[in-house]
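With PDB, C-alpha atoms, pLDDT in the B column inside, this is target.pdb:
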```pdb
ATOM      1  CA  MET A  21      75.628  80.994 117.776  1.00 73.00           C
ATOM      2  CA  THR A  22      73.412  83.981 118.276  1.00 79.00           C
ATOM      3  CA  PHE A  23      74.270  87.523 119.277  1.00 85.00           C
ATOM      4  CA  THR A  24      71.614  88.601 121.752  1.00 91.00           C
ATOM      5  CA  LEU A  25      72.570  90.197 125.067  1.00 90.00           C
ATOM      6  CA  ILE A  26      71.699  87.053 127.018  1.00 90.00           C
ATOM      7  CA  ASP A  27      73.960  85.016 124.745  1.00 92.00           C
ATOM      8  CA  TRP A  28      76.863  87.433 125.215  1.00 93.00           C
ATOM      9  CA  ILE A  29      76.429  87.139 128.977  1.00 93.00           C
ATOM     10  CA  LYS A  30      76.515  83.359 128.648  1.00 94.00           C
ATOM     11  CA  TYR A  31      79.624  83.520 126.429  1.00 95.00           C
ATOM     12  CA  THR A  32      81.347  85.764 128.976  1.00 95.00           C
ATOM     13  CA  PHE A  33      80.724  83.253 131.759  1.00 96.00           C
ATOM     14  CA  TRP A  34      81.921  80.432 129.477  1.00 96.00           C
ATOM     15  CA  GLY A  35      85.106  82.383 128.774  1.00 96.00           C
ATOM     16  CA  VAL A  36      85.775  83.063 132.448  1.00 96.00           C
ATOM     17  CA  PHE A  37      85.179  79.472 133.529  1.00 96.00           C
ATOM     18  CA  GLY A  38      86.973  78.102 130.474  1.00 96.00           C
ATOM     19  CA  PHE A  39      90.161  80.037 131.146  1.00 96.00           C
ATOM     20  CA  MET A  40      89.878  79.148 134.844  1.00 94.00           C
ATOM     21  CA  ILE A  41      89.745  75.443 133.941  1.00 94.00           C
ATOM     22  CA  ILE A  42      92.630  75.777 131.466  1.00 95.00           C
ATOM     23  CA  ASP A  43      94.715  77.497 134.154  1.00 93.00           C
ATOM     24  CA  PHE A  44      93.933  74.718 136.629  1.00 90.00           C
ATOM     25  CA  VAL A  45      94.740  71.933 134.148  1.00 91.00           C
ATOM     26  CA  ILE A  46      98.087  73.529 133.257  1.00 91.00           C
ATOM     27  CA  ALA A  47      98.991  74.011 136.933  1.00 87.00           C
ATOM     28  CA  PHE A  48      97.913  70.471 137.764  1.00 85.00           C
ATOM     29  CA  SER A  49      99.814  68.887 134.869  1.00 87.00           C
ATOM     30  CA  LYS A  50     102.998  70.844 135.659  1.00 84.00           C
ATOM     31  CA  SER A  51     102.856  69.772 139.294  1.00 81.00           C
ATOM     32  CA  PHE A  52     102.114  66.188 138.223  1.00 80.00           C
ATOM     33  CA  TRP A  53     105.148  65.979 135.968  1.00 82.00           C
ATOM     34  CA  GLN A  54     107.370  67.585 138.611  1.00 78.00           C
ATOM     35  CA  GLY A  55     106.245  64.955 141.107  1.00 78.00           C
ATOM     36  CA  SER A  56     104.650  67.340 143.590  1.00 76.00           C
ATOM     37  CA  PHE A  57     100.946  67.925 143.898  1.00 70.00           C
ATOM     38  CA  LYS A  58     100.969  71.496 145.131  1.00 69.00           C
ATOM     39  CA  THR A  59      97.898  72.503 143.166  1.00 64.00           C
ATOM     40  CA  SER A  60      94.725  72.626 145.220  1.00 73.00           C
ATOM     41  CA  PHE A  61      91.182  73.690 144.547  1.00 76.00           C
ATOM     42  CA  LEU A  62      91.126  76.362 147.231  1.00 85.00           C
ATOM     43  CA  PRO A  63      92.557  79.247 145.142  1.00 86.00           C
ATOM     44  CA  TYR A  64      90.026  78.515 142.409  1.00 87.00           C
ATOM     45  CA  LEU A  65      87.149  78.380 144.879  1.00 89.00           C
ATOM     46  CA  LYS A  66      88.367  81.708 146.269  1.00 93.00           C
ATOM     47  CA  ASP A  67      88.435  83.135 142.733  1.00 92.00           C
ATOM     48  CA  ILE A  68      84.862  81.981 142.188  1.00 92.00           C
ATOM     49  CA  LEU A  69      83.794  83.618 145.430  1.00 94.00           C
ATOM     50  CA  PHE A  70      85.717  86.874 144.936  1.00 96.00           C
ATOM     51  CA  TYR A  71      85.500  87.322 141.143  1.00 95.00           C
ATOM     52  CA  VAL A  72      82.704  85.290 139.567  1.00 94.00           C
ATOM     53  CA  TYR A  73      80.033  85.722 142.241  1.00 96.00           C
ATOM     54  CA  PRO A  74      80.209  89.564 142.046  1.00 95.00           C
ATOM     55  CA  LEU A  75      79.605  89.273 138.294  1.00 95.00           C
ATOM     56  CA  TYR A  76      76.545  87.170 138.998  1.00 95.00           C
ATOM     57  CA  PHE A  77      75.442  89.686 141.639  1.00 95.00           C
ATOM     58  CA  LEU A  78      75.711  92.504 139.087  1.00 93.00           C
ATOM     59  CA  LEU A  79      73.384  90.571 136.809  1.00 92.00           C
ATOM     60  CA  SER A  80      70.909  89.976 139.605  1.00 93.00           C
ATOM     61  CA  ILE A  81      70.504  93.710 140.365  1.00 94.00           C
ATOM     62  CA  VAL A  82      70.215  94.896 136.748  1.00 92.00           C
ATOM     63  CA  ASN A  83      66.508  95.549 137.307  1.00 93.00           C
ATOM     64  CA  LEU A  84      67.405  98.219 139.880  1.00 93.00           C
ATOM     65  CA  ASP A  85      69.547 100.154 137.378  1.00 92.00           C
ATOM     66  CA  PRO A  86      67.622 103.184 136.062  1.00 94.00           C
ATOM     67  CA  THR A  87      69.853 103.526 132.982  1.00 92.00           C
ATOM     68  CA  GLU A  88      69.470  99.813 132.088  1.00 84.00           C
ATOM     69  CA  TRP A  89      73.017  99.616 130.718  1.00 93.00           C
ATOM     70  CA  THR A  90      75.450 100.686 133.464  1.00 94.00           C
ATOM     71  CA  LEU A  91      75.499  97.381 135.337  1.00 94.00           C
ATOM     72  CA  ILE A  92      75.605  95.373 132.104  1.00 94.00           C
ATOM     73  CA  THR A  93      78.630  97.422 131.014  1.00 95.00           C
ATOM     74  CA  LEU A  94      80.303  96.819 134.380  1.00 95.00           C
ATOM     75  CA  PHE A  95      79.581  93.104 134.000  1.00 96.00           C
ATOM     76  CA  PHE A  96      81.309  92.929 130.612  1.00 96.00           C
ATOM     77  CA  ILE A  97      84.276  94.992 131.845  1.00 97.00           C
ATOM     78  CA  GLY A  98      84.621  92.669 134.845  1.00 96.00           C
ATOM     79  CA  GLY A  99      84.301  89.557 132.692  1.00 96.00           C
ATOM     80  CA  LEU A 100      86.894  90.804 130.225  1.00 97.00           C
ATOM     81  CA  SER A 101      89.284  91.714 133.033  1.00 97.00           C
ATOM     82  CA  LEU A 102      88.909  88.216 134.505  1.00 96.00           C
ATOM     83  CA  ILE A 103      89.644  86.630 131.138  1.00 97.00           C
ATOM     84  CA  ILE A 104      92.747  88.840 130.778  1.00 97.00           C
ATOM     85  CA  LYS A 105      93.811  87.906 134.336  1.00 96.00           C
ATOM     86  CA  TYR A 106      93.653  84.197 133.563  1.00 96.00           C
ATOM     87  CA  VAL A 107      95.408  84.607 130.200  1.00 96.00           C
ATOM     88  CA  LEU A 108      98.253  86.408 131.986  1.00 96.00           C
ATOM     89  CA  ASP A 109      98.322  83.705 134.675  1.00 94.00           C
ATOM     90  CA  ILE A 110      98.533  81.013 131.993  1.00 94.00           C
ATOM     91  CA  ILE A 111     101.360  82.849 130.229  1.00 94.00           C
ATOM     92  CA  GLY A 112     103.123  83.272 133.570  1.00 93.00           C
ATOM     93  CA  ARG A 113     103.002  79.528 134.185  1.00 89.00           C
ATOM     94  CA  PHE A 114     105.120  78.914 131.094  1.00 89.00           C
ATOM     95  CA  LYS A 115     107.810  81.455 131.971  1.00 87.00           C
ATOM     96  CA  PRO A 116     110.838  80.043 133.767  1.00 84.00           C
ATOM     97  CA  LYS A 117     111.201  81.050 137.380  1.00 78.00           C
ATOM     98  CA  ALA A 118     113.788  83.786 137.908  1.00 71.00           C
ATOM     99  CA  GLU A 119     116.998  82.798 139.601  1.00 59.00           C
ATOM    100  CA  ASP A 120     118.214  84.547 142.717  1.00 47.00           C
ATOM    101  CA  GLU A 121     118.934  88.128 141.640  1.00 56.00           C
ATOM    102  CA  SER A 122     121.469  88.790 144.402  1.00 57.00           C
ATOM    103  CA  GLY A 123     124.169  87.083 142.328  1.00 52.00           C
ATOM    104  CA  SER A 124     124.990  84.352 144.800  1.00 51.00           C
TER     105      SER A 124
END
```
Write-out of the structure in structure tokens:
Amino acid sequence: MTFTLIDWIKYTFWGVFGFMIIDFVIAFSKSFWQGSFKTSFLPYLKDILFYVYPLYFLLSIVNLDPTEWTLITLFFIGGLSLIIKYVLDIIGRFKPKAEDESGS
């Protein structure tokens, strides 16, 4: 394990995809044991298109950045926010669903 900038970028992508896979496996296993396969790949493909691809795009235009660190900083902020999003989604999958709050 090395600590160069390229390695940290690689570790960030591993973290994002790793938590995405963990979230999918938990959702799939819960739906499997409940007897309903409601989990599909489409939300995860949408997340790749809307969240992961912009991170990749930021990396592809780093050469245009005159400061040489602004886009890299935005990449790491975006990667960390995606990891936090998936951690919160995973935690939310283990919380029981709230009953009807109207009292009926």
Written as a ChimeraX atom specification, what is the full residue list that the PyMOL selection byres ((chain A and resi 89-100) around 10) yields on the file shown? /A:25,28-29,31-36,71-72,74-88,101-105
Task: Atom pair CA of Asp27 (chain A) / CA of Tyr73 (chain A): separation (Å) - done: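 Those two atoms sit 18.5 Å apart.
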Given the choices A:Ile26, A:Ile111, A:Ile46, A:Met40, which gets closest to Pro63 (chain A) if the distance is worked out from all atoms listed in the file?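 Checking each of A:Ile26, A:Ile111, A:Ile46, A:Met40 against Pro63 (chain A), counting all atoms listed in the file, the winner is A:Met40.
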In terms of all atoms listed in the file, the residue from A:Val107, A:Phe48, A:Phe37, A:Gln54 at minimal distance from Asp67 (chain A) is A:Phe37
Which centre and edge lengths in Å to one decimal define the box along x, y and z that fits every listed atom of region 104-115 of chain A plus 5 Å per side, as JSON?
```
{"center_x": 100.3, "center_y": 83.9, "center_z": 132.4, "size_x": 25.1, "size_y": 19.9, "size_z": 14.5}
```
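The interatomic distance for the pair CA of Ile42 (chain A) and CA of Tyr106 (chain A) works out to 8.7 Å.
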Taken to one decimal, the CA of Phe23 (chain A)-CA of Asp43 (chain A) distance is 27.2 Å
Considering all atoms listed in the file, state which residue in the set A:Phe44, A:Gly38, A:Thr22, A:Ala118 is at the smallest distance from Tyr64 (chain A).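 The shortest atom-to-atom distance to Tyr64 (chain A) comes from A:Phe44.
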